[in-house]
>>> print(open('data.cif').read())   # mmCIF, C-alpha atoms
data_work
#
loop_
_atom_site.label_atom_id
_atom_site.label_comp_id
_atom_site.auth_asym_id
_atom_site.auth_seq_id
_atom_site.Cartn_x
_atom_site.Cartn_y
_atom_site.Cartn_z
CA MET A 1 -140.84 131.38 41.26
CA ARG A 2 -140.87 132.65 37.65
CA TYR A 3 -138.65 131.58 34.80
CA TYR A 4 -137.59 133.36 31.67
CA ARG A 5 -139.19 131.98 28.56
CA ILE A 6 -137.23 128.91 27.52
CA SER A 7 -136.56 128.09 23.86
CA ASP A 8 -138.48 125.24 22.20
CA GLU A 9 -135.18 123.46 21.63
CA THR A 10 -134.33 123.55 25.34
CA VAL A 11 -137.85 122.37 26.21
CA ARG A 12 -137.26 119.48 23.82
CA ARG A 13 -134.01 118.52 25.54
CA LEU A 14 -135.16 118.86 29.16
CA PRO A 15 -137.13 115.55 29.14
CA ILE A 16 -134.02 113.83 27.74
CA TYR A 17 -131.94 115.15 30.65
CA LEU A 18 -134.72 114.32 33.10
CA ARG A 19 -134.92 110.73 31.92
CA GLY A 20 -131.16 110.29 32.29
CA LEU A 21 -131.09 111.98 35.70
CA LEU A 22 -133.95 109.78 36.98
CA PHE A 23 -132.03 106.73 35.80
CA LEU A 24 -128.86 107.88 37.58
CA ALA A 25 -130.77 108.74 40.78
CA GLU A 26 -132.24 105.24 40.73
CA GLN A 27 -128.67 103.91 40.64
CA GLY A 28 -127.97 105.87 43.82
CA GLN A 29 -125.87 108.61 42.23
CA GLN A 30 -126.11 112.07 43.87
CA ASN A 31 -123.98 114.42 41.78
CA ILE A 32 -122.80 114.56 38.20
CA SER A 33 -120.66 116.85 36.06
CA SER A 34 -122.07 118.21 32.80
CA ARG A 35 -119.31 116.32 30.95
CA LYS A 36 -120.25 112.95 32.46
CA LEU A 37 -123.96 113.55 31.93
CA ALA A 38 -123.18 114.51 28.33
CA ASP A 39 -121.17 111.32 27.79
CA PHE A 40 -123.95 109.24 29.32
CA LEU A 41 -126.64 110.81 27.14
CA GLY A 42 -124.55 111.15 24.01
CA VAL A 43 -125.01 114.92 23.76
CA ASN A 44 -122.71 117.97 24.00
CA SER A 45 -121.67 119.14 27.46
CA TRP A 46 -121.71 122.83 26.44
CA GLN A 47 -125.30 122.33 25.37
CA ILE A 48 -126.20 120.90 28.78
CA ARG A 49 -124.48 123.77 30.60
CA LYS A 50 -126.24 126.29 28.37
CA ASP A 51 -129.65 124.66 28.91
CA PHE A 52 -129.15 124.42 32.69
CA SER A 53 -128.11 128.08 32.82
CA TYR A 54 -131.70 129.04 31.88
CA PHE A 55 -132.80 128.20 35.38
CA GLY A 56 -129.60 129.04 37.20
CA GLY A 57 -126.74 126.54 37.24
CA PHE A 58 -126.63 124.33 40.31
CA GLY A 59 -123.17 123.09 39.52
CA THR A 60 -120.47 123.22 42.19
CA ARG A 61 -116.89 123.16 40.97
CA GLY A 62 -115.36 119.72 41.56
CA VAL A 63 -118.68 118.23 42.69
CA GLY A 64 -120.93 118.86 39.70
CA TYR A 65 -124.67 119.24 39.68
CA SER A 66 -126.99 117.88 42.35
CA ILE A 67 -129.06 115.26 40.56
CA GLU A 68 -131.98 115.60 42.97
CA LYS A 69 -132.14 119.38 42.58
CA LEU A 70 -132.00 119.15 38.82
CA ILE A 71 -134.82 116.60 38.73
CA LYS A 72 -137.02 118.83 40.91
CA GLN A 73 -136.26 121.90 38.87
CA ILE A 74 -136.84 120.31 35.48
CA ASN A 75 -140.10 118.73 36.66
CA LYS A 76 -141.25 122.16 37.82
CA ILE A 77 -140.29 123.94 34.61
CA LEU A 78 -141.99 121.33 32.44
CA LYS A 79 -145.03 121.42 34.78
CA LEU A 80 -144.67 117.69 35.31
CA ASP A 81 -144.72 118.00 39.10
CA VAL A 82 -148.50 118.24 39.17
CA GLY A 83 -149.36 115.03 37.26
CA HIS A 84 -151.37 114.88 34.05
CA LYS A 85 -154.13 112.73 32.64
CA ALA A 86 -154.08 111.97 28.93
CA ALA A 87 -156.49 110.32 26.52
CA LEU A 88 -155.57 108.00 23.67
CA VAL A 89 -157.57 108.02 20.42
CA GLY A 90 -157.08 105.04 18.11
CA VAL A 91 -156.30 101.64 19.58
CA GLY A 92 -154.64 99.90 16.63
CA ASN A 93 -151.12 98.45 16.78
CA LEU A 94 -149.51 101.74 17.70
CA GLY A 95 -152.27 102.77 20.10
CA SER A 96 -152.06 99.42 21.89
CA ALA A 97 -148.30 99.87 22.21
CA VAL A 98 -148.95 103.29 23.77
CA LEU A 99 -151.45 101.83 26.25
CA ILE A 100 -149.01 99.22 27.55
CA TYR A 101 -145.94 101.48 27.36
CA PRO A 102 -144.37 101.61 30.82
CA GLY A 103 -142.53 104.90 30.34
CA PHE A 104 -145.33 107.44 30.89
CA ARG A 105 -145.44 107.10 34.63
CA ILE A 106 -141.91 108.40 35.22
CA TYR A 107 -143.03 111.77 33.84
CA GLY A 108 -146.18 111.80 35.94
CA PHE A 109 -148.54 110.87 33.12
CA ASP A 110 -151.59 108.68 33.47
CA ILE A 111 -153.21 107.42 30.25
CA ALA A 112 -156.67 107.62 31.75
CA ALA A 113 -158.95 106.92 28.76
CA ALA A 114 -158.84 105.25 25.33
CA PHE A 115 -161.20 105.69 22.38
CA ASP A 116 -161.74 103.91 19.08
CA ALA A 117 -164.21 104.20 16.20
CA ASN A 118 -164.42 100.44 15.69
CA PRO A 119 -167.45 98.99 17.56
CA LYS A 120 -165.61 95.66 17.83
CA LYS A 121 -162.94 97.29 19.96
CA VAL A 122 -165.27 99.33 22.17
CA GLY A 123 -165.69 97.66 25.56
CA ARG A 124 -162.43 95.71 25.35
CA LYS A 125 -160.01 96.18 28.20
CA ILE A 126 -156.25 96.81 27.87
CA ARG A 127 -154.40 97.03 31.18
CA ASN A 128 -157.00 98.76 33.35
CA ILE A 129 -158.48 100.86 30.55
CA THR A 130 -161.80 100.03 28.88
CA ILE A 131 -161.92 101.25 25.28
CA GLU A 132 -164.76 103.75 24.70
CA ASP A 133 -166.57 104.83 21.57
CA ILE A 134 -165.24 108.07 20.10
CA SER A 135 -168.64 109.68 20.63
CA ASN A 136 -167.54 109.78 24.29
CA LEU A 137 -164.74 112.25 23.49
CA GLN A 138 -167.05 115.07 24.56
CA THR A 139 -166.80 113.84 28.16
CA LEU A 140 -163.10 114.74 28.37
CA LYS A 141 -163.68 118.26 29.69
CA LYS A 142 -165.78 116.98 32.58
CA ARG A 143 -163.14 114.34 33.31
CA LYS A 144 -160.43 117.05 33.34
CA ILE A 145 -158.37 115.39 30.63
CA ASN A 146 -156.79 118.07 28.46
CA LEU A 147 -153.94 116.11 26.84
CA ALA A 148 -154.48 113.60 24.05
CA ILE A 149 -152.51 111.17 21.93
CA ILE A 150 -153.72 110.64 18.34
CA ALA A 151 -152.92 107.23 16.84
CA VAL A 152 -155.65 107.00 14.22
CA PRO A 153 -155.28 106.33 10.48
CA ARG A 154 -154.10 109.23 8.33
CA ASP A 155 -157.53 110.14 6.96
CA ALA A 156 -159.11 110.41 10.41
CA ALA A 157 -156.40 112.61 11.95
CA GLN A 158 -157.89 116.06 11.31
CA GLN A 159 -161.44 115.22 12.37
CA THR A 160 -160.07 113.54 15.51
CA ALA A 161 -158.06 116.66 16.34
CA ASP A 162 -161.15 118.83 15.74
CA ALA A 163 -163.25 116.69 18.09
CA LEU A 164 -160.53 116.74 20.76
CA ILE A 165 -160.19 120.51 20.63
CA LYS A 166 -163.97 120.86 20.85
CA ALA A 167 -163.77 118.69 23.97
CA GLY A 168 -161.31 121.13 25.56
CA VAL A 169 -158.01 119.39 24.79
CA LYS A 170 -155.07 121.83 24.83
CA GLY A 171 -152.14 119.60 23.91
CA ILE A 172 -151.91 116.85 21.30
CA LEU A 173 -149.22 114.27 20.62
CA ASN A 174 -149.85 113.27 17.01
CA PHE A 175 -148.58 109.91 15.75
CA SER A 176 -150.61 109.98 12.57
CA PRO A 177 -148.47 110.59 9.48
CA HIS A 178 -150.40 113.71 8.54
CA TYR A 179 -150.27 117.40 9.30
CA ILE A 180 -153.14 118.62 11.42
CA ALA A 181 -154.33 122.20 11.56
CA VAL A 182 -155.19 123.56 15.02
CA PRO A 183 -155.90 126.97 16.58
CA LYS A 184 -152.84 128.80 17.95
CA LYS A 185 -153.77 128.13 21.59
CA VAL A 186 -153.45 124.36 21.05
CA LYS A 187 -149.97 122.80 21.02
CA VAL A 188 -149.35 119.86 18.70
CA ILE A 189 -146.24 117.70 18.73
CA THR A 190 -146.08 115.36 15.73
CA ILE A 191 -144.05 112.17 15.99
CA ASP A 192 -143.05 110.62 12.70
CA ILE A 193 -140.98 107.50 13.41
CA ALA A 194 -139.65 107.56 9.86
CA MET A 195 -138.34 111.07 10.46
CA ASP A 196 -136.18 109.84 13.30
CA LEU A 197 -134.83 107.01 11.20
CA ALA A 198 -134.03 109.62 8.53
CA ARG A 199 -131.36 111.14 10.79
CA LEU A 200 -129.28 107.96 11.00
CA PRO A 201 -127.65 107.68 7.55
CA TYR A 202 -125.99 111.09 8.00
CA TYR A 203 -123.84 109.60 10.75
CA MET A 204 -122.92 106.43 8.92
CA PRO A 205 -119.65 105.74 7.13
CA THR A 206 -119.87 105.82 3.33
CA MET B 1 -119.55 118.54 -3.32
CA ARG B 2 -118.47 118.78 0.32
CA TYR B 3 -120.36 120.26 3.23
CA TYR B 4 -119.19 121.69 6.50
CA ARG B 5 -120.03 119.53 9.47
CA ILE B 6 -123.63 120.23 10.44
CA SER B 7 -124.79 120.37 14.07
CA ASP B 8 -126.83 117.48 15.51
CA GLU B 9 -129.68 119.90 16.09
CA THR B 10 -129.76 120.91 12.43
CA VAL B 11 -129.57 117.26 11.37
CA ARG B 12 -132.57 116.65 13.62
CA ARG B 13 -134.56 119.42 11.95
CA LEU B 14 -133.69 118.67 8.33
CA PRO B 15 -136.07 115.65 8.10
CA ILE B 16 -138.84 117.87 9.50
CA TYR B 17 -138.24 120.43 6.75
CA LEU B 18 -137.93 117.65 4.17
CA ARG B 19 -141.25 116.15 5.14
CA GLY B 20 -142.98 119.52 4.88
CA LEU B 21 -141.32 120.35 1.56
CA LEU B 22 -142.29 116.98 0.06
CA PHE B 23 -145.87 117.62 1.14
CA LEU B 24 -145.86 121.08 -0.46
CA ALA B 25 -144.25 119.77 -3.67
CA GLU B 26 -147.00 117.16 -3.88
CA GLN B 27 -149.52 120.01 -3.75
CA GLY B 28 -147.82 121.52 -6.79
CA GLN B 29 -146.07 124.38 -4.99
CA GLN B 30 -142.69 125.48 -6.42
CA ASN B 31 -141.35 128.18 -4.11
CA ILE B 32 -141.78 129.15 -0.50
CA SER B 33 -140.49 131.85 1.84
CA SER B 34 -138.84 130.86 5.11
CA ARG B 35 -141.65 132.63 6.95
CA LYS B 36 -144.40 130.66 5.21
CA LEU B 37 -142.54 127.39 5.65
CA ALA B 38 -142.07 128.25 9.33
CA ASP B 39 -145.78 128.97 9.76
CA PHE B 40 -146.67 125.73 8.01
CA LEU B 41 -144.33 123.64 10.19
CA GLY B 42 -144.87 125.56 13.41
CA VAL B 43 -141.19 126.47 13.84
CA ASN B 44 -139.18 129.72 13.86
CA SER B 45 -138.33 131.27 10.51
CA TRP B 46 -134.91 132.50 11.70
CA GLN B 47 -134.12 128.90 12.62
CA ILE B 48 -135.00 127.74 9.12
CA ARG B 49 -132.89 130.46 7.52
CA LYS B 50 -129.97 129.61 9.80
CA ASP B 51 -130.26 125.87 9.07
CA PHE B 52 -130.52 126.45 5.32
CA SER B 53 -127.48 128.73 5.41
CA TYR B 54 -125.33 125.68 6.27
CA PHE B 55 -125.59 124.52 2.71
CA GLY B 56 -125.88 127.91 1.03
CA GLY B 57 -129.21 129.68 0.95
CA PHE B 58 -131.19 129.19 -2.23
CA GLY B 59 -133.63 131.91 -1.39
CA THR B 60 -134.38 134.62 -3.96
CA ARG B 61 -135.76 137.89 -2.65
CA GLY B 62 -139.49 138.10 -3.35
CA VAL B 63 -139.65 134.54 -4.66
CA GLY B 64 -138.38 132.50 -1.72
CA TYR B 65 -136.68 129.14 -1.78
CA SER B 66 -137.01 126.64 -4.61
CA ILE B 67 -138.79 123.67 -3.03
CA GLU B 68 -137.34 121.21 -5.53
CA LYS B 69 -133.76 122.38 -4.94
CA LEU B 70 -134.18 122.23 -1.17
CA ILE B 71 -135.56 118.68 -1.34
CA LYS B 72 -132.60 117.54 -3.46
CA GLN B 73 -130.07 119.23 -1.23
CA ILE B 74 -131.49 117.94 2.06
CA ASN B 75 -131.75 114.41 0.67
CA LYS B 76 -128.10 114.62 -0.35
CA ILE B 77 -126.90 115.97 2.99
CA LEU B 78 -128.81 113.34 4.95
CA LYS B 79 -127.55 110.67 2.51
CA LEU B 80 -131.15 109.70 1.81
CA ASP B 81 -130.69 109.99 -1.96
CA VAL B 82 -129.10 106.52 -2.18
CA GLY B 83 -131.90 104.50 -0.47
CA HIS B 84 -131.42 102.39 2.66
CA LYS B 85 -132.51 98.98 3.84
CA ALA B 86 -133.38 98.56 7.50
CA ALA B 87 -134.15 95.58 9.73
CA LEU B 88 -136.75 95.47 12.48
CA VAL B 89 -136.14 93.43 15.64
CA GLY B 90 -139.18 92.71 17.81
CA VAL B 91 -142.59 92.30 16.19
CA GLY B 92 -144.92 93.08 19.11
CA ASN B 93 -147.51 95.87 19.01
CA LEU B 94 -144.97 98.60 18.34
CA GLY B 95 -142.94 96.50 15.89
CA SER B 96 -146.09 95.61 13.95
CA ALA B 97 -146.97 99.29 13.78
CA VAL B 98 -143.50 99.99 12.38
CA LEU B 99 -143.88 97.26 9.74
CA ILE B 100 -147.13 98.68 8.39
CA TYR B 101 -146.11 102.34 8.82
CA PRO B 102 -146.44 104.03 5.43
CA GLY B 103 -144.02 106.88 6.14
CA PHE B 104 -140.65 105.21 5.62
CA ARG B 105 -140.78 105.19 1.84
CA ILE B 106 -140.81 108.97 1.49
CA TYR B 107 -137.31 109.06 3.00
CA GLY B 108 -136.07 106.24 0.77
CA PHE B 109 -136.22 103.54 3.47
CA ASP B 110 -137.16 99.95 2.88
CA ILE B 111 -137.88 97.82 5.96
CA ALA B 112 -136.40 94.74 4.35
CA ALA B 113 -136.37 92.21 7.22
CA ALA B 114 -138.08 91.53 10.55
CA PHE B 115 -136.94 89.32 13.42
CA ASP B 116 -138.54 88.01 16.61
CA ALA B 117 -137.49 85.64 19.39
CA ASN B 118 -140.96 84.10 19.69
CA PRO B 119 -141.15 80.86 17.64
CA LYS B 120 -144.90 81.38 17.25
CA LYS B 121 -144.28 84.59 15.32
CA VAL B 122 -141.46 83.25 13.14
CA GLY B 123 -142.73 82.44 9.64
CA ARG B 124 -145.70 84.80 9.86
CA LYS B 125 -146.03 87.39 7.13
CA ILE B 126 -146.80 91.10 7.66
CA ARG B 127 -147.13 93.09 4.44
CA ASN B 128 -144.50 91.39 2.27
CA ILE B 129 -142.11 90.59 5.12
CA THR B 130 -141.76 87.11 6.60
CA ILE B 131 -140.72 87.24 10.27
CA GLU B 132 -137.40 85.44 10.87
CA ASP B 133 -135.86 83.96 13.99
CA ILE B 134 -133.37 86.29 15.68
CA SER B 135 -130.62 83.72 15.11
CA ASN B 136 -130.79 84.96 11.49
CA LEU B 137 -129.51 88.42 12.53
CA GLN B 138 -126.01 87.31 11.51
CA THR B 139 -127.12 87.30 7.87
CA LEU B 140 -127.61 91.10 7.86
CA LYS B 141 -124.06 91.88 6.71
CA LYS B 142 -124.41 89.63 3.67
CA ARG B 143 -127.78 91.20 2.91
CA LYS B 144 -126.22 94.68 3.12
CA ILE B 145 -128.60 95.86 5.83
CA ASN B 146 -126.74 98.18 8.21
CA LEU B 147 -129.63 100.05 9.82
CA ALA B 148 -131.89 98.49 12.44
CA ILE B 149 -134.95 99.36 14.51
CA ILE B 150 -135.14 97.85 18.00
CA ALA B 151 -138.67 97.30 19.35
CA VAL B 152 -138.00 94.53 21.87
CA PRO B 153 -138.90 94.44 25.58
CA ARG B 154 -136.69 96.47 27.91
CA ASP B 155 -134.66 93.51 29.19
CA ALA B 156 -133.72 92.31 25.71
CA ALA B 157 -132.57 95.70 24.40
CA GLN B 158 -128.85 95.51 25.15
CA GLN B 159 -128.33 91.96 23.92
CA THR B 160 -130.27 92.81 20.75
CA ALA B 161 -128.03 95.82 20.17
CA ASP B 162 -124.93 93.69 20.76
CA ALA B 163 -126.10 91.09 18.23
CA LEU B 164 -126.92 93.79 15.67
CA ILE B 165 -123.53 95.44 16.01
CA LYS B 166 -121.83 92.05 15.66
CA ALA B 167 -123.82 91.63 12.45
CA GLY B 168 -122.37 94.89 11.09
CA VAL B 169 -125.19 97.30 11.90
CA LYS B 170 -123.95 100.91 12.09
CA GLY B 171 -127.12 102.80 12.99
CA ILE B 172 -129.87 101.90 15.46
CA LEU B 173 -133.27 103.46 16.08
CA ASN B 174 -134.11 102.32 19.61
CA PHE B 175 -137.75 102.24 20.74
CA SER B 176 -137.08 100.22 23.85
CA PRO B 177 -137.39 102.26 27.04
CA HIS B 178 -133.82 101.52 28.07
CA TYR B 179 -130.39 103.01 27.50
CA ILE B 180 -128.16 100.86 25.35
CA ALA B 181 -124.38 101.03 25.37
CA VAL B 182 -122.68 100.89 21.96
CA PRO B 183 -119.18 101.51 20.56
CA LYS B 184 -118.52 105.10 19.41
CA LYS B 185 -118.67 104.19 15.72
CA VAL B 186 -122.31 103.12 16.06
CA LYS B 187 -125.01 105.81 16.13
CA VAL B 188 -128.08 105.23 18.31
CA ILE B 189 -131.21 107.36 18.28
CA THR B 190 -133.56 106.53 21.14
CA ILE B 191 -137.25 107.28 20.80
CA ASP B 192 -139.19 107.50 24.03
CA ILE B 193 -142.80 108.36 23.22
CA ALA B 194 -143.35 109.44 26.83
CA MET B 195 -140.51 111.93 26.46
CA ASP B 196 -142.33 113.66 23.63
CA LEU B 197 -145.53 113.81 25.63
CA ALA B 198 -143.48 115.34 28.46
CA ARG B 199 -142.95 118.49 26.39
CA LEU B 200 -146.65 119.31 26.10
CA PRO B 201 -147.62 120.55 29.60
CA TYR B 202 -145.00 123.32 29.38
CA TYR B 203 -147.07 124.95 26.63
CA MET B 204 -150.43 124.60 28.33
CA PRO B 205 -152.33 127.30 30.19
CA THR B 206 -152.31 126.95 33.98
#
>>> encode(input="data.cif", output="C-alpha cells")
Amino acid sequence: MRYYRISDETVRRLPIYLRGLLFLAEQGQQNISSRKLADFLGVNSWQIRKDFSYFGGFGTRGVGYSIEKLIKQINKILKLDVGHKAALVGVGNLGSAVLIYPGFRIYGFDIAAAFDANPKKVGRKIRNITIEDISNLQTLKKRKINLAIIAVPRDAAQQTADALIKAGVKGILNFSPHYIAVPKKVKVITIDIAMDLARLPYYMPT
Amino acid sequence: MRYYRISDETVRRLPIYLRGLLFLAEQGQQNISSRKLADFLGVNSWQIRKDFSYFGGFGTRGVGYSIEKLIKQINKILKLDVGHKAALVGVGNLGSAVLIYPGFRIYGFDIAAAFDANPKKVGRKIRNITIEDISNLQTLKKRKINLAIIAVPRDAAQQTADALIKAGVKGILNFSPHYIAVPKKVKVITIDIAMDLARLPYYMPT
C-alpha cells in the first residue's frame, strides 16, 4: 500500500493522535468521533478530519472512527510498526531522564545503547543499559542502530552529530540548545523545551 | 496595536522563527529572505511567508525581512516582551535538567521557584534556586508566578495540576507522560519526548 506524501505538519500531529488513541483503546473504547477526539486532545476537529483524510477517512456516520484501525494505519504511515532501536549520546540530567522515560515503548522504540564522554560515567548501568565510551559510536552501524538522541552540552553538539552520521545514523532527535548542520539525507528534529514554554503566554489573560 | 487571532499552528512556529532570528542577529545579520530563513531552519519558505503575513509582511523585495523588526514583532505577539516568571514542580532528573537549562532566558523566562514532594530535596540549592516543599505552591499567586512546568511522576501529574490551578497558575508546560484535565481557561502544553522521536522513522530510507 502506498500513501501520498504527507505534510510535515501532519506528520507532527500523527503521534499526538496515536498517543491519544492508544490511551482510549487501553480504556476499552472502540470508536470515536473526530469532535470527541479533538476535545480530548485539545485540538481542532476539522484539523483531525483533514489529517485523517490523507490516508482515507475511516469514519462511519453516527459511529465515528474505528480506534483500532486508526492506530494500525498511523503506525504504518509513521513506520512505527516495525520497531526501532535508538542510541542516546550524553548521559547528564536530561540524558538520564531519557533513559528512564517510560514513554518510548508505546511507539515501538527501544533505547538500546547509551554513550558518554566522561570516563567516570562509562561502565555505569541505568535500567538495563551500560554506558559506553563515545569512541564506541562507530559500532552503531554493525548494531543496526540508525536513530540517535543527542543530549550533550551545547559545544559538543555538532561533533556528536558528525560522529553519529559517520556511524550511519539517519535520524537525530537533538535536545542540545544549538543548531546542528547535517547532510540533506539526515533528518534532525530539535527539541528546545524553552521554545515550548514560549507558546504559553500568548494564551494567557493580560 | 491589535492583531487578528493567530492559528495554534502559527503560534507553535513563531518561537522556532524567533530562536533562529535571535541566533542570526547575534551573528550580526540584519536582513534575511524567507527562502534563506527557511533553509536555515529546515522549514518551508511559503509557510514562513504565510505566517509572517498574519502580522503584515515586513519583507522588502531584494532585501528581505528586517531581522530586528521581526524579533520585536514576534516577541510582542507571543507576549514575551514583558518577561515571565515560571515555577518548576518536580526536581528529578528531568526537573534538574530544566533548572540548569540555559535556553529560557532568550525568551524572557525566569524559572523563579522549584518545588518537590521529597523532604530530602527540600532546602537543596540548584543554580540560585532553593527547592521548596510542594505545600508552598499556594504562595505562587502572591509571588505573581502564573506559569508552571510539571516534571513529576505520572501518578502525581493530575494532583499537581490541580494544586497549581488553585494557586492561580494559568499556563502549564507538562512533561509528565500523562494527560491532565484542566478548566478551559487554563492552557496546557504537553511535551512527550517519545512523541518527537516518533516522527523520525517516517523520514528515513527503508
>>> residues_around(input="data.cif", residues="Val169 in chain B", least_positions_apart="2", cutoff="12 Å", atoms="all atoms listed in the file", output="PDB file with C-alpha atoms, keeping the file's coordinate frame")
ATOM      1  CA  LEU A 200    -129.280 107.960  11.000  1.00  0.00           C
ATOM      2  CA  PRO A 201    -127.650 107.680   7.550  1.00  0.00           C
ATOM      3  CA  MET A 204    -122.920 106.430   8.920  1.00  0.00           C
ATOM      4  CA  PRO A 205    -119.650 105.740   7.130  1.00  0.00           C
TER       5      PRO A 205
ATOM      6  CA  LYS B  85    -132.510  98.980   3.840  1.00  0.00           C
ATOM      7  CA  ALA B  86    -133.380  98.560   7.500  1.00  0.00           C
ATOM      8  CA  ALA B  87    -134.150  95.580   9.730  1.00  0.00           C
ATOM      9  CA  LEU B  88    -136.750  95.470  12.480  1.00  0.00           C
ATOM     10  CA  LEU B 137    -129.510  88.420  12.530  1.00  0.00           C
ATOM     11  CA  GLN B 138    -126.010  87.310  11.510  1.00  0.00           C
ATOM     12  CA  THR B 139    -127.120  87.300   7.870  1.00  0.00           C
ATOM     13  CA  LEU B 140    -127.610  91.100   7.860  1.00  0.00           C
ATOM     14  CA  LYS B 141    -124.060  91.880   6.710  1.00  0.00           C
ATOM     15  CA  LYS B 142    -124.410  89.630   3.670  1.00  0.00           C
ATOM     16  CA  ARG B 143    -127.780  91.200   2.910  1.00  0.00           C
ATOM     17  CA  LYS B 144    -126.220  94.680   3.120  1.00  0.00           C
ATOM     18  CA  ILE B 145    -128.600  95.860   5.830  1.00  0.00           C
ATOM     19  CA  ASN B 146    -126.740  98.180   8.210  1.00  0.00           C
ATOM     20  CA  LEU B 147    -129.630 100.050   9.820  1.00  0.00           C
ATOM     21  CA  ALA B 148    -131.890  98.490  12.440  1.00  0.00           C
ATOM     22  CA  ILE B 149    -134.950  99.360  14.510  1.00  0.00           C
ATOM     23  CA  ILE B 150    -135.140  97.850  18.000  1.00  0.00           C
ATOM     24  CA  THR B 160    -130.270  92.810  20.750  1.00  0.00           C
ATOM     25  CA  ALA B 161    -128.030  95.820  20.170  1.00  0.00           C
ATOM     26  CA  ASP B 162    -124.930  93.690  20.760  1.00  0.00           C
ATOM     27  CA  ALA B 163    -126.100  91.090  18.230  1.00  0.00           C
ATOM     28  CA  LEU B 164    -126.920  93.790  15.670  1.00  0.00           C
ATOM     29  CA  ILE B 165    -123.530  95.440  16.010  1.00  0.00           C
ATOM     30  CA  LYS B 166    -121.830  92.050  15.660  1.00  0.00           C
ATOM     31  CA  ALA B 167    -123.820  91.630  12.450  1.00  0.00           C
ATOM     32  CA  GLY B 171    -127.120 102.800  12.990  1.00  0.00           C
ATOM     33  CA  ILE B 172    -129.870 101.900  15.460  1.00  0.00           C
ATOM     34  CA  LEU B 173    -133.270 103.460  16.080  1.00  0.00           C
ATOM     35  CA  VAL B 182    -122.680 100.890  21.960  1.00  0.00           C
ATOM     36  CA  PRO B 183    -119.180 101.510  20.560  1.00  0.00           C
ATOM     37  CA  LYS B 185    -118.670 104.190  15.720  1.00  0.00           C
ATOM     38  CA  VAL B 186    -122.310 103.120  16.060  1.00  0.00           C
ATOM     39  CA  LYS B 187    -125.010 105.810  16.130  1.00  0.00           C
ATOM     40  CA  VAL B 188    -128.080 105.230  18.310  1.00  0.00           C
TER      41      VAL B 188
END
>>> closest_atom_pairs(input="data.cif", of="chain A", to="chain B", cutoff="6 Å", atoms="all atoms listed in the file", output="CSV")
residue,atom,partner,partner_atom,distance
A:Pro15,CA,B:Met195,CA,5.6
A:Leu78,CA,B:Tyr202,CA,4.7
A:Lys79,CA,B:Tyr202,CA,5.7
A:Asn93,CA,B:Asn93,CA,5.0
A:Leu94,CA,B:Ala97,CA,5.3
A:Ala97,CA,B:Asn93,CA,5.2
A:Gly103,CA,B:Ala194,CA,5.8
A:Phe104,CA,B:Ala194,CA,4.9
A:Gly171,CA,B:Leu200,CA,5.9
A:Ala194,CA,B:Phe104,CA,4.9
A:Met195,CA,B:Pro15,CA,5.6
A:Leu200,CA,B:Gly171,CA,5.9
A:Pro201,CA,B:Lys79,CA,5.9
A:Tyr202,CA,B:Leu78,CA,4.7
>>> atom_distance(input="data.cif", atom1="CA of Leu99 in chain A", atom2="CA of Ile180 in chain A")
22.5 Å
>>> atom_distance(input="data.cif", atom1="CA of Gln47 in chain A", atom2="CA of Gln30 in chain A")
21.2 Å
>>> atom_distance(input="data.cif", atom1="CA of Asp110 in chain A", atom2="CA of Gly168 in chain A")
17.7 Å
>>> resolve_selection(input="data.cif", expression="the PyMOL selection byres ((chain A and resi 69) around 12)", output="PyMOL selection string")
chain A and resi 18+21-22+25+30-32+52+55-59+64-68+70-76
>>> resolve_selection(input="data.cif", expression="the PyMOL selection byres ((chain A and resi 125-132) around 6)", output="list in words")
Ala114, Phe115, Val122, Gly123, Arg124 and Asp133 of chain A
>>> closest_residue(input="data.cif", among="B:Asp155, B:Tyr17, B:Glu26, B:Ser53", to="Ala38 in chain B", atoms="only C-alpha atoms")
B:Tyr17
